[in-house]
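Engineer: Below: one structure in structure tokens.
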Amino acid sequence: MKKTGLGKIDRIFALAEKDGRDSLLEPEVYRVLAAAGIRTPRHVFLPTGKRATRKDLPSQGAGKVVIKVVSPLIVHKSDAGGVEFVAADAASVNKACGRMLRTVPLRYIEWLKRSSGATAGKAVTPGAVRESIRGFLIAEKVDFENVGFGSEILIGTRNTREFGPVLTVGSGGLEVEYMNERLREGRAAAIASAHLLDDGQVEGLIGPLSFFGKVAAEFRGRKPLVTPKALAGTVLLFRDLAAAFSPFSERSPFVIEEAEVNPFVIRGGRLLALDGVCRFSRAKAPEGARPVEAIRHLLRPGSIGIVGVSEKMNIGRIILRNILKSGFPSADVFVVKPGVDRIDDCLCVPSIKDLPRPVDLFVLTLGAELCAPAMEELVEHGKARSVIVIAGGMGEKEGGASIEDRIREVLAGGRREGKLTPVVNGGNCLGIASKPGRYDTTFIPASKLPRPKSPRSGLALISQSGAFMICRMSKLPMIEPLYAVSLGNQIDLTASDYMKYLAEDGEARLFAVYMEGFRPGDGLAFARAVKDITAGEGRGVVVYKAGRSPEGRAATSSHTASVAGEYAVFRSVLEQAGAVVAGDLFEFESFMKGMVFLEEKKVHGRRVGLISNAGFECVVLADNLKNGGGLELAAFAPGTRARILDALRPLGIDRLQDVRNPLDVTPVADDAAFCECARAILEDPGVDCAVVSNVPMTPAQQTLKAGEAHGEDLTRPGAFASRMIEIFRAVDKPVVVNLDAGELYAPLAEFLERAGLPVFRRADEAVRFLRAYVEHALR
């Protein structure tokens, strides 16, 4: 936007604020749109009490004009009878304005009773509504390209607490909510961050929308009414308006809380704004930035201090033992405990100020009420570069918020004064486990959460809930996270701080994040970090969001919020940034596992090869290929078909089954035949990925753990498991294994997963994961 346009908009907001309003009247909205370069109809404003003359009318003589009531009370004018079309002459206009002054107050109150209840209707009198009417907007009646559904377009922006300004584009008109509920997801409306949307992304954003094909492409022999470039250009003007008046913009003292045009129509190949609303606020001072670089001391400390350790077993003592069991040297661990010389061979000191030197990491395991005084002592004496606050009760019990506020004040004061002030993780967290840092500050004993010696992965597991974090670690023991961070209440360090820091960590390549809510503005910072991370080859982010209530919708007057609910915004912005947003826990855990196990694999396309030894599995696999873009059954090359027949011929299976995709090798196939067919499929240049689904109850294969009751041994060379592991390691294509069987075959699944193969226990789940994995990789 040009500086002159920005200055005009500032002045419009300032005058409205002086008038005691945080919403613009529609003539003011038209002026804001014009200043932003967005076209509006010809119009004039007629103040209450003034009679229109011929020269006042935007359309003189033939045709009609539209008259709209202008009142800060009446947002949805049509519902109150505040819109009329009349002949374009002064007498008709004056007559209509007089009539609306009489009828609109009563109709508005009736509408208020219907929409908000009888009590709301009684709270406003007709006289008050009448006094609120500032005048009338007289605009030309626009003759536009009306092709039915798709003729009207909505473009809006809303300032969200977590992501700042978010754009919504979709079908407009009076039935916005109705159509949004009934159209397939992704077809009714598109949502994007105003700060993350690049020029070249807009056409891809709006291309899938239902209205796009009606107006921006040939439709049943009719030429497009508007070019995709023209549509995208108007969206970009709205983006620039939203970004210029964002809480993250320092150029204006005002923030656009909500702005919407509904509808835009098409006239002469260009978009024209008909109706608009805009609500604004004064910009607030941003939160002070945390010294993110200090996370280095938190995740890779050279020394650790801890308070709250008992000589008997308590949470502090469990944490101390977990630190030492992880390999951290006891000589560099200091325990604050008066009256004791040593605990677990670690030096004890009587108070925080008596620590022999500033520690890189200090662990607070005290009760919530003792944490603020301890933080004050740490800052006053400069004794810690980072702190983990384990204490619960912060933000969960009455009075907890005041403890958090006090800690924040201590940290802010120390940073202002240039003191050695720690960065803080927590409170109400379960701790952090860092493989590079050689420590584990979780308070879960090893007997309850075994730490198997799995190969170190490049996975950073970041969770707002400590319980969620350890549940995933317990369920996926074959994956040992590089870092497991329980964020807790984010009283200082936030999710985005860790993502920004770890984006530069050479070992962290994959990120699994569980969030319940971001601090104000931190969602945008998080999304920016995700965008930076996923821009790197071989790096990925999966996020799961809990707490999906639609709580911002009722607080807003526009259609934008009803279309762009809170969770829809979260999902859309983070997918725009490049993350996988898991729809449920299965998908989250699948992507955790899949990202780690398939990290070295390359996704080249959607052509999938399917193999099983059971007919029903072949049917189930094929039934689950399509959803959105989906997967496509690969056509096997002649050479592949010949290799499969050669593998099946010794067992006579070639006489029982045709070679097709999905391939059913029947329960007769032994370990060698089954795996040679899988190898042939995966080595076919026309196959991009595969699902290998084995029903392991067949007596023809070695799929049981060695035991006296049978002669099988799943670990034997030449058995299905060893052959499949060798094939998996030899190919660069994504392949998943399905074992649809009970607990008797859990050792087989565990053996394969410890070798790095992603294993699922139902055919539909295997395909569902691979479909989503490929879809994301090709986005």
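In the structure tokens, the first chain shown is A, the next is B, and so on; residue numbers restart at 1 for each chain, and ligands run from 1 in the order shown.
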Please return as a compact mmCIF listing (two decimals) with N, CA, C and O atoms, in the first residue's frame: the residues of region 486-603 of chain A that backbone DSSP assigns to helix (DSSP H, G or I).

Structural biologist:
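Writing done, so here's part-v9.txt:
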```
# COMPACT_ATOMS: atom_id res chain seq x y z
N ALA A 495 6.39 -22.00 22.75
CA ALA A 495 6.59 -23.00 21.70
C ALA A 495 7.41 -22.45 20.54
O ALA A 495 8.29 -23.12 20.01
N SER A 496 7.14 -21.20 20.16
CA SER A 496 7.88 -20.64 19.01
C SER A 496 9.35 -20.42 19.35
O SER A 496 10.21 -20.51 18.47
N ASP A 497 9.66 -20.12 20.62
CA ASP A 497 11.05 -19.93 21.00
C ASP A 497 11.86 -21.20 20.76
O ASP A 497 12.97 -21.16 20.21
N TYR A 498 11.30 -22.33 21.16
CA TYR A 498 11.99 -23.60 20.93
C TYR A 498 12.11 -23.90 19.44
O TYR A 498 13.16 -24.36 18.97
N MET A 499 11.04 -23.64 18.69
CA MET A 499 11.09 -23.93 17.26
C MET A 499 12.12 -23.05 16.56
O MET A 499 12.86 -23.52 15.68
N LYS A 500 12.19 -21.77 16.93
CA LYS A 500 13.17 -20.87 16.32
C LYS A 500 14.59 -21.32 16.66
O LYS A 500 15.48 -21.31 15.80
N TYR A 501 14.80 -21.71 17.91
CA TYR A 501 16.14 -22.14 18.31
C TYR A 501 16.52 -23.45 17.61
O TYR A 501 17.61 -23.58 17.04
N LEU A 502 15.61 -24.42 17.64
CA LEU A 502 15.92 -25.74 17.09
C LEU A 502 15.97 -25.74 15.57
O LEU A 502 16.51 -26.68 14.97
N ASP A 522 2.00 -15.69 19.58
CA ASP A 522 3.03 -16.71 19.43
C ASP A 522 2.70 -17.71 18.34
O ASP A 522 3.60 -18.38 17.82
N GLY A 523 1.43 -17.81 17.97
CA GLY A 523 1.07 -18.71 16.88
C GLY A 523 1.72 -18.29 15.58
O GLY A 523 2.20 -19.13 14.81
N LEU A 524 1.73 -16.98 15.31
CA LEU A 524 2.37 -16.50 14.09
C LEU A 524 3.87 -16.75 14.13
O LEU A 524 4.46 -17.19 13.13
N ALA A 525 4.50 -16.48 15.26
CA ALA A 525 5.94 -16.74 15.38
C ALA A 525 6.23 -18.23 15.21
O ALA A 525 7.23 -18.62 14.58
N PHE A 526 5.36 -19.07 15.75
CA PHE A 526 5.50 -20.52 15.60
C PHE A 526 5.38 -20.90 14.12
O PHE A 526 6.18 -21.68 13.60
N ALA A 527 4.36 -20.35 13.43
CA ALA A 527 4.16 -20.66 12.02
C ALA A 527 5.36 -20.21 11.18
O ALA A 527 5.76 -20.90 10.23
N ARG A 528 5.91 -19.05 11.51
CA ARG A 528 7.09 -18.59 10.77
C ARG A 528 8.27 -19.55 10.96
O ARG A 528 9.02 -19.83 10.02
N ALA A 529 8.42 -20.05 12.19
CA ALA A 529 9.50 -21.01 12.45
C ALA A 529 9.25 -22.31 11.69
O ALA A 529 10.18 -22.91 11.13
N VAL A 530 7.99 -22.76 11.65
CA VAL A 530 7.65 -23.96 10.89
C VAL A 530 8.00 -23.77 9.42
O VAL A 530 8.55 -24.67 8.77
N LYS A 531 7.68 -22.61 8.89
CA LYS A 531 7.98 -22.33 7.48
C LYS A 531 9.48 -22.41 7.22
O LYS A 531 9.92 -22.96 6.20
N ASP A 532 10.28 -21.86 8.12
CA ASP A 532 11.73 -21.93 7.97
C ASP A 532 12.23 -23.37 8.05
O ASP A 532 13.10 -23.79 7.29
N ILE A 533 11.68 -24.14 9.00
CA ILE A 533 12.12 -25.52 9.19
C ILE A 533 11.78 -26.37 7.98
O ILE A 533 12.62 -27.10 7.45
N THR A 534 10.53 -26.30 7.53
CA THR A 534 10.09 -27.18 6.44
C THR A 534 10.66 -26.77 5.08
O THR A 534 10.55 -27.52 4.12
N HIS A 559 -19.42 -12.35 9.15
CA HIS A 559 -19.49 -13.72 8.64
C HIS A 559 -18.12 -14.38 8.70
O HIS A 559 -18.01 -15.59 8.75
N THR A 560 -17.05 -13.57 8.69
CA THR A 560 -15.69 -14.11 8.61
C THR A 560 -15.42 -15.07 9.75
O THR A 560 -14.84 -16.14 9.56
N ALA A 561 -15.82 -14.72 10.98
CA ALA A 561 -15.53 -15.58 12.12
C ALA A 561 -16.30 -16.88 12.06
O ALA A 561 -15.81 -17.92 12.49
N SER A 562 -17.53 -16.85 11.54
CA SER A 562 -18.30 -18.08 11.46
C SER A 562 -17.71 -19.03 10.44
O SER A 562 -17.80 -20.25 10.58
N VAL A 563 -17.09 -18.51 9.41
CA VAL A 563 -16.43 -19.34 8.41
C VAL A 563 -15.07 -19.78 8.91
O VAL A 563 -14.66 -20.93 8.74
N GLU A 566 -11.86 -20.96 15.25
CA GLU A 566 -10.52 -20.96 15.84
C GLU A 566 -9.67 -22.14 15.37
O GLU A 566 -8.51 -21.98 15.04
N TYR A 567 -10.24 -23.35 15.37
CA TYR A 567 -9.44 -24.49 14.95
C TYR A 567 -9.16 -24.45 13.45
O TYR A 567 -8.08 -24.84 12.99
N ALA A 568 -10.13 -23.97 12.68
CA ALA A 568 -9.91 -23.86 11.24
C ALA A 568 -8.75 -22.92 10.94
O ALA A 568 -7.94 -23.16 10.03
N VAL A 569 -8.63 -21.84 11.71
CA VAL A 569 -7.51 -20.91 11.55
C VAL A 569 -6.20 -21.60 11.89
O VAL A 569 -5.21 -21.53 11.15
N PHE A 570 -6.17 -22.28 13.05
CA PHE A 570 -4.97 -23.00 13.47
C PHE A 570 -4.51 -23.96 12.37
O PHE A 570 -3.34 -23.94 11.97
N ARG A 571 -5.42 -24.78 11.90
CA ARG A 571 -5.05 -25.79 10.91
C ARG A 571 -4.58 -25.13 9.61
O ARG A 571 -3.55 -25.51 9.04
N SER A 572 -5.33 -24.15 9.13
CA SER A 572 -5.02 -23.54 7.83
C SER A 572 -3.68 -22.82 7.85
O SER A 572 -2.88 -22.94 6.92
N VAL A 573 -3.43 -22.04 8.91
CA VAL A 573 -2.19 -21.26 8.96
C VAL A 573 -0.98 -22.18 9.07
O VAL A 573 0.04 -21.99 8.40
N LEU A 574 -1.08 -23.22 9.90
CA LEU A 574 0.08 -24.10 10.06
C LEU A 574 0.28 -24.99 8.84
O LEU A 574 1.42 -25.30 8.48
N GLU A 575 -0.80 -25.40 8.18
CA GLU A 575 -0.62 -26.12 6.92
C GLU A 575 -0.02 -25.21 5.87
O GLU A 575 0.83 -25.65 5.07
N GLN A 576 -0.43 -23.94 5.85
CA GLN A 576 0.16 -22.96 4.94
C GLN A 576 1.65 -22.84 5.18
O GLN A 576 2.44 -22.68 4.24
N ALA A 577 2.06 -22.95 6.46
CA ALA A 577 3.48 -22.83 6.81
C ALA A 577 4.27 -24.10 6.48
O ALA A 577 5.50 -24.06 6.46
N LEU A 585 -5.28 -38.41 17.35
CA LEU A 585 -4.06 -38.94 17.95
C LEU A 585 -3.43 -40.04 17.10
O LEU A 585 -2.20 -40.17 17.06
N PHE A 586 -4.27 -40.83 16.43
CA PHE A 586 -3.71 -41.86 15.55
C PHE A 586 -2.82 -41.22 14.49
O PHE A 586 -1.70 -41.68 14.23
N GLU A 587 -3.32 -40.17 13.87
CA GLU A 587 -2.56 -39.52 12.81
C GLU A 587 -1.29 -38.89 13.37
O GLU A 587 -0.23 -38.94 12.75
N PHE A 588 -1.37 -38.32 14.57
CA PHE A 588 -0.19 -37.71 15.18
C PHE A 588 0.87 -38.78 15.43
O PHE A 588 2.04 -38.61 15.07
N GLU A 589 0.48 -39.88 16.07
CA GLU A 589 1.45 -40.94 16.38
C GLU A 589 1.98 -41.57 15.10
O GLU A 589 3.17 -41.91 15.01
N SER A 590 1.12 -41.72 14.10
CA SER A 590 1.56 -42.30 12.83
C SER A 590 2.62 -41.43 12.18
O SER A 590 3.62 -41.94 11.65
N PHE A 591 2.41 -40.11 12.21
CA PHE A 591 3.39 -39.22 11.59
C PHE A 591 4.67 -39.13 12.43
O PHE A 591 5.76 -38.99 11.86
N MET A 592 4.55 -39.21 13.75
CA MET A 592 5.77 -39.29 14.56
C MET A 592 6.62 -40.46 14.10
O MET A 592 7.83 -40.35 13.86
N LYS A 593 5.97 -41.62 14.02
CA LYS A 593 6.66 -42.84 13.63
C LYS A 593 7.11 -42.77 12.17
O LYS A 593 8.27 -43.08 11.85
N GLY A 594 6.20 -42.34 11.31
CA GLY A 594 6.51 -42.32 9.89
C GLY A 594 7.62 -41.35 9.53
O GLY A 594 8.49 -41.66 8.71
N MET A 595 7.61 -40.15 10.13
CA MET A 595 8.65 -39.17 9.82
C MET A 595 10.03 -39.71 10.19
O MET A 595 11.01 -39.48 9.47
N VAL A 596 10.09 -40.42 11.33
CA VAL A 596 11.38 -40.95 11.77
C VAL A 596 11.82 -42.12 10.89
O VAL A 596 12.94 -42.16 10.37
N PHE A 597 10.92 -43.08 10.69
CA PHE A 597 11.29 -44.30 9.97
C PHE A 597 11.46 -44.08 8.46
O PHE A 597 12.21 -44.79 7.81
```

Engineer: Using 12 Å as the limit and counting only C-alpha atoms, can you tabulate each residue of region 435-475 of chain A that touches region 344-366 of chain A, with its shortest atom-to-atom distance in Å and the two atoms involved, as JSON lines?

Structural biologist:
```
{"residue": "A:Gly437", "atom": "CA", "partner": "A:Leu361", "partner_atom": "CA", "distance": 10.5}
{"residue": "A:Tyr439", "atom": "CA", "partner": "A:Leu361", "partner_atom": "CA", "distance": 10.6}
{"residue": "A:Asp440", "atom": "CA", "partner": "A:Val363", "partner_atom": "CA", "distance": 10.9}
{"residue": "A:Thr441", "atom": "CA", "partner": "A:Val363", "partner_atom": "CA", "distance": 7.8}
{"residue": "A:Thr442", "atom": "CA", "partner": "A:Val363", "partner_atom": "CA", "distance": 10.4}
{"residue": "A:Phe443", "atom": "CA", "partner": "A:Thr365", "partner_atom": "CA", "distance": 9.6}
```

Engineer: Just to confirm, what's the straight-line distance from CA of Asp688 (chain A) to CA of Val580 (chain A) in Å (one decimal)?

Structural biologist: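 According to the coordinates, CA of Asp688 (chain A) and CA of Val580 (chain A) are separated by 20.5 Å.
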
Engineer: Here is a test: counting only C-alpha atoms, which residue of A:Leu231, A:Val695, A:Ile12, A:Met1 is nearest to Gly615 (chain A)?

Structural biologist: A:Val695

Engineer: What's the separation between CA of Gln702 (chain A) and CA of Gly718 (chain A), in Å to one decimal place?

Structural biologist: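 It comes out at 8.7 Å.
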
Engineer: In Å, rounded to a single decimal, give me how far CA of Gly521 (chain A) is from CA of Ser193 (chain A).

Structural biologist: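 Here the two named atoms are 12.1 Å from each other.
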
Engineer: Could you list, as a list in words, every residue within 9 Å of Pro224 (chain A), counting only C-alpha atoms and ignoring same-chain residues fewer than 2 positions away?

Structural biologist: Gly213, Lys214, Val215, Ala216, Ala217, Glu218, Phe219, Arg222, Val226, Thr227 and Gly269 of chain A

Engineer: Got time to write the residues from that selection, all heavy atoms, as a PDB file, in the first residue's frame?

Structural biologist:
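Once written, part-v4.pdb looks like this:
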```pdb
ATOM      1  N   GLY A 213     -14.484 -21.878 -10.122  1.00  0.00           N
ATOM      2  CA  GLY A 213     -14.765 -22.465 -11.419  1.00  0.00           C
ATOM      3  C   GLY A 213     -15.924 -21.804 -12.143  1.00  0.00           C
ATOM      4  O   GLY A 213     -16.012 -21.856 -13.377  1.00  0.00           O
ATOM      5  N   LYS A 214     -16.832 -21.167 -11.381  1.00  0.00           N
ATOM      6  CA  LYS A 214     -17.968 -20.493 -11.994  1.00  0.00           C
ATOM      7  C   LYS A 214     -17.579 -19.163 -12.627  1.00  0.00           C
ATOM      8  O   LYS A 214     -18.164 -18.757 -13.636  1.00  0.00           O
ATOM      9  CB  LYS A 214     -19.065 -20.225 -10.943  1.00  0.00           C
ATOM     10  CG  LYS A 214     -19.877 -21.427 -10.533  1.00  0.00           C
ATOM     11  CD  LYS A 214     -20.882 -21.852 -11.594  1.00  0.00           C
ATOM     12  CE  LYS A 214     -22.007 -20.880 -11.845  1.00  0.00           C
ATOM     13  NZ  LYS A 214     -22.984 -20.780 -10.772  1.00  0.00           N
ATOM     14  N   VAL A 215     -16.612 -18.456 -12.024  1.00  0.00           N
ATOM     15  CA  VAL A 215     -16.340 -17.087 -12.473  1.00  0.00           C
ATOM     16  C   VAL A 215     -14.963 -16.897 -13.095  1.00  0.00           C
ATOM     17  O   VAL A 215     -14.778 -15.981 -13.897  1.00  0.00           O
ATOM     18  CB  VAL A 215     -16.523 -16.088 -11.304  1.00  0.00           C
ATOM     19  CG1 VAL A 215     -17.933 -16.140 -10.763  1.00  0.00           C
ATOM     20  CG2 VAL A 215     -15.512 -16.323 -10.190  1.00  0.00           C
ATOM     21  N   ALA A 216     -13.982 -17.736 -12.746  1.00  0.00           N
ATOM     22  CA  ALA A 216     -12.616 -17.505 -13.216  1.00  0.00           C
ATOM     23  C   ALA A 216     -12.142 -18.554 -14.213  1.00  0.00           C
ATOM     24  O   ALA A 216     -10.960 -18.616 -14.533  1.00  0.00           O
ATOM     25  CB  ALA A 216     -11.657 -17.459 -12.018  1.00  0.00           C
ATOM     26  N   ALA A 217     -13.066 -19.390 -14.672  1.00  0.00           N
ATOM     27  CA  ALA A 217     -12.730 -20.388 -15.681  1.00  0.00           C
ATOM     28  C   ALA A 217     -13.917 -20.507 -16.644  1.00  0.00           C
ATOM     29  O   ALA A 217     -15.012 -20.030 -16.356  1.00  0.00           O
ATOM     30  CB  ALA A 217     -12.449 -21.742 -15.012  1.00  0.00           C
ATOM     31  N   GLU A 218     -13.671 -21.123 -17.779  1.00  0.00           N
ATOM     32  CA  GLU A 218     -14.781 -21.357 -18.706  1.00  0.00           C
ATOM     33  C   GLU A 218     -15.821 -22.245 -18.032  1.00  0.00           C
ATOM     34  O   GLU A 218     -15.476 -23.214 -17.347  1.00  0.00           O
ATOM     35  CB  GLU A 218     -14.277 -22.020 -19.984  1.00  0.00           C
ATOM     36  CG  GLU A 218     -13.496 -21.080 -20.877  1.00  0.00           C
ATOM     37  CD  GLU A 218     -13.255 -21.677 -22.256  1.00  0.00           C
ATOM     38  OE1 GLU A 218     -13.875 -22.724 -22.560  1.00  0.00           O
ATOM     39  OE2 GLU A 218     -12.456 -21.101 -23.016  1.00  0.00           O
ATOM     40  N   PHE A 219     -17.085 -21.896 -18.211  1.00  0.00           N
ATOM     41  CA  PHE A 219     -18.146 -22.660 -17.555  1.00  0.00           C
ATOM     42  C   PHE A 219     -19.272 -22.895 -18.556  1.00  0.00           C
ATOM     43  O   PHE A 219     -19.969 -21.963 -18.970  1.00  0.00           O
ATOM     44  CB  PHE A 219     -18.680 -21.891 -16.336  1.00  0.00           C
ATOM     45  CG  PHE A 219     -19.683 -22.673 -15.523  1.00  0.00           C
ATOM     46  CD1 PHE A 219     -19.252 -23.644 -14.634  1.00  0.00           C
ATOM     47  CD2 PHE A 219     -21.032 -22.430 -15.653  1.00  0.00           C
ATOM     48  CE1 PHE A 219     -20.168 -24.368 -13.882  1.00  0.00           C
ATOM     49  CE2 PHE A 219     -21.957 -23.150 -14.910  1.00  0.00           C
ATOM     50  CZ  PHE A 219     -21.522 -24.115 -14.010  1.00  0.00           C
ATOM     51  N   ARG A 222     -19.273 -20.642 -21.515  1.00  0.00           N
ATOM     52  CA  ARG A 222     -19.174 -19.208 -21.240  1.00  0.00           C
ATOM     53  C   ARG A 222     -17.732 -18.874 -20.849  1.00  0.00           C
ATOM     54  O   ARG A 222     -17.095 -19.597 -20.096  1.00  0.00           O
ATOM     55  CB  ARG A 222     -20.127 -18.828 -20.096  1.00  0.00           C
ATOM     56  CG  ARG A 222     -19.963 -17.382 -19.644  1.00  0.00           C
ATOM     57  CD  ARG A 222     -20.928 -17.020 -18.535  1.00  0.00           C
ATOM     58  NE  ARG A 222     -20.940 -17.927 -17.425  1.00  0.00           N
ATOM     59  CZ  ARG A 222     -19.981 -18.022 -16.504  1.00  0.00           C
ATOM     60  NH1 ARG A 222     -18.882 -17.302 -16.600  1.00  0.00           N
ATOM     61  NH2 ARG A 222     -20.099 -18.873 -15.501  1.00  0.00           N
ATOM     62  N   VAL A 226     -13.876 -13.207 -14.864  1.00  0.00           N
ATOM     63  CA  VAL A 226     -12.753 -12.493 -14.263  1.00  0.00           C
ATOM     64  C   VAL A 226     -11.538 -13.402 -14.362  1.00  0.00           C
ATOM     65  O   VAL A 226     -11.665 -14.629 -14.331  1.00  0.00           O
ATOM     66  CB  VAL A 226     -13.063 -12.137 -12.787  1.00  0.00           C
ATOM     67  CG1 VAL A 226     -13.240 -13.388 -11.943  1.00  0.00           C
ATOM     68  CG2 VAL A 226     -11.991 -11.241 -12.181  1.00  0.00           C
ATOM     69  N   THR A 227     -10.378 -12.831 -14.505  1.00  0.00           N
ATOM     70  CA  THR A 227      -9.171 -13.648 -14.593  1.00  0.00           C
ATOM     71  C   THR A 227      -8.705 -14.042 -13.196  1.00  0.00           C
ATOM     72  O   THR A 227      -8.935 -13.316 -12.213  1.00  0.00           O
ATOM     73  CB  THR A 227      -8.032 -12.885 -15.284  1.00  0.00           C
ATOM     74  OG1 THR A 227      -7.649 -11.759 -14.467  1.00  0.00           O
ATOM     75  CG2 THR A 227      -8.458 -12.400 -16.662  1.00  0.00           C
ATOM     76  N   GLY A 269     -15.011  -7.376 -15.591  1.00  0.00           N
ATOM     77  CA  GLY A 269     -13.802  -8.152 -15.377  1.00  0.00           C
ATOM     78  C   GLY A 269     -13.032  -7.788 -14.126  1.00  0.00           C
ATOM     79  O   GLY A 269     -11.917  -8.271 -13.934  1.00  0.00           O
TER      80      GLY A 269
END
```

Engineer: Output as a list in words all residues of region 466-499 of chain A that backbone DSSP marks as strand (DSSP E or B).

Structural biologist: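 Of region 466-499 of chain A, only Glu480, Tyr483, Ala484, Val485 and Ser486 of chain A fall in strand (DSSP E or B).
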
Engineer: Take the residues just selected and output them with C-alpha atoms as a PDB file, in the first residue's frame.

Structural biologist:
```
ATOM      1  CA  GLU A 480      14.047 -42.060  21.384  1.00  0.00           C
ATOM      2  CA  TYR A 483      14.742 -33.636  22.855  1.00  0.00           C
ATOM      3  CA  ALA A 484      11.490 -34.150  24.775  1.00  0.00           C
ATOM      4  CA  VAL A 485      10.262 -30.796  26.087  1.00  0.00           C
ATOM      5  CA  SER A 486       7.253 -30.360  28.357  1.00  0.00           C
TER       6      SER A 486
END
```

Engineer: Which one of A:Arg660, A:Arg643, A:Arg51, A:Arg779 sits closest to Leu610 (chain A) if you count only C-alpha atoms?

Structural biologist: A:Arg660

Engineer: Looking at A:Leu137, A:Ile444, A:Ala232, A:Leu704, which one is nearest to Gly200 (chain A), with distances taken over only C-alpha atoms?

Structural biologist: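 Using only C-alpha atoms, Gly200 (chain A) sits closest to A:Ala232.
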
Engineer: Produce a table with one row for each residue of region 314-427 of chain A that has an atom at most 7 Å from any atom of region 487-492 of chain A, each row naming the nearest atom pair and its distance in Å at one decimal; use only C-alpha atoms; arrange rows by chain and rising residue number; format as a Markdown table.

Structural biologist:
```
| residue | atom | partner | partner_atom | distance |
| --- | --- | --- | --- | --- |
| A:Glu404 | CA | A:Ile491 | CA | 6.3 |
| A:Arg408 | CA | A:Ile491 | CA | 6.8 |
| A:Val423 | CA | A:Asp492 | CA | 6.7 |
| A:Val424 | CA | A:Asp492 | CA | 5.4 |
| A:Asn425 | CA | A:Leu487 | CA | 6.2 |
| A:Gly426 | CA | A:Gly488 | CA | 4.6 |
| A:Gly427 | CA | A:Asn489 | CA | 5.5 |
```

Engineer: Only N, CA and C atoms, please: the residues just picked out, written as a CSV table (one decimal), in the first residue's frame.

Structural biologist:
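Final output, result-v5.csv:
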```
chain,number,residue,atom,x,y,z
A,404,GLU,N,2.5,-16.7,38.6
A,404,GLU,CA,3.1,-16.6,37.3
A,404,GLU,C,3.4,-15.1,36.9
A,408,ARG,N,7.1,-13.5,36.1
A,408,ARG,CA,7.3,-12.7,34.9
A,408,ARG,C,7.9,-11.3,35.2
A,423,VAL,N,16.3,-17.9,31.3
A,423,VAL,CA,15.1,-18.2,30.5
A,423,VAL,C,14.5,-19.3,31.3
A,424,VAL,N,13.1,-19.4,31.3
A,424,VAL,CA,12.4,-20.3,32.1
A,424,VAL,C,11.5,-21.2,31.3
A,425,ASN,N,11.5,-22.5,31.6
A,425,ASN,CA,10.6,-23.4,31.0
A,425,ASN,C,9.6,-23.8,32.1
A,426,GLY,N,8.3,-23.8,31.7
A,426,GLY,CA,7.2,-24.2,32.7
A,426,GLY,C,6.4,-23.0,33.0
A,427,GLY,N,5.8,-22.9,34.2
A,427,GLY,CA,5.7,-23.9,35.2
A,427,GLY,C,4.6,-24.9,34.8
```

Engineer: From the list A:Leu651, A:Val543, A:Leu24, A:Leu101, which residue is nearest Ser281 (chain A) when using only C-alpha atoms?

Structural biologist: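 For Ser281 (chain A), the nearest of the candidates is A:Leu24.
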
Engineer: Taking into account only C-alpha atoms, which residue in the set A:Pro253, A:Gly605, A:Gly578, A:Pro667 is nearest to Arg11 (chain A)?

Structural biologist: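 Under the stated criterion, the closest residue is A:Pro253.
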
Engineer: Write out as a list in words which residues come within 9 Å of Gly63 (chain A) when counting only C-alpha atoms, dropping same-chain ones fewer than 4 positions away.

Structural biologist: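 Residues near the query, excluding close chain neighbours: Ser59, Val86, Ala87, Ala88, Glu140 and Lys141 of chain A.
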
Engineer: Region 321-327 of chain A: which residues within 12 Å, counting only C-alpha atoms, same-chain residues fewer than 4 positions away excluded, as a ChimeraX atom specification?

Structural biologist: /A:301,303-306,309-311,313-317,331-335,343-346,361,363,431-447,449-453

Engineer: Applying 7 Å and only C-alpha atoms, which residues near Asp671 (chain A) remain after dropping the ones on its own chain fewer than 4 positions away? List them as a ChimeraX atom specification.

Structural biologist: /A:675,701-702,719-720
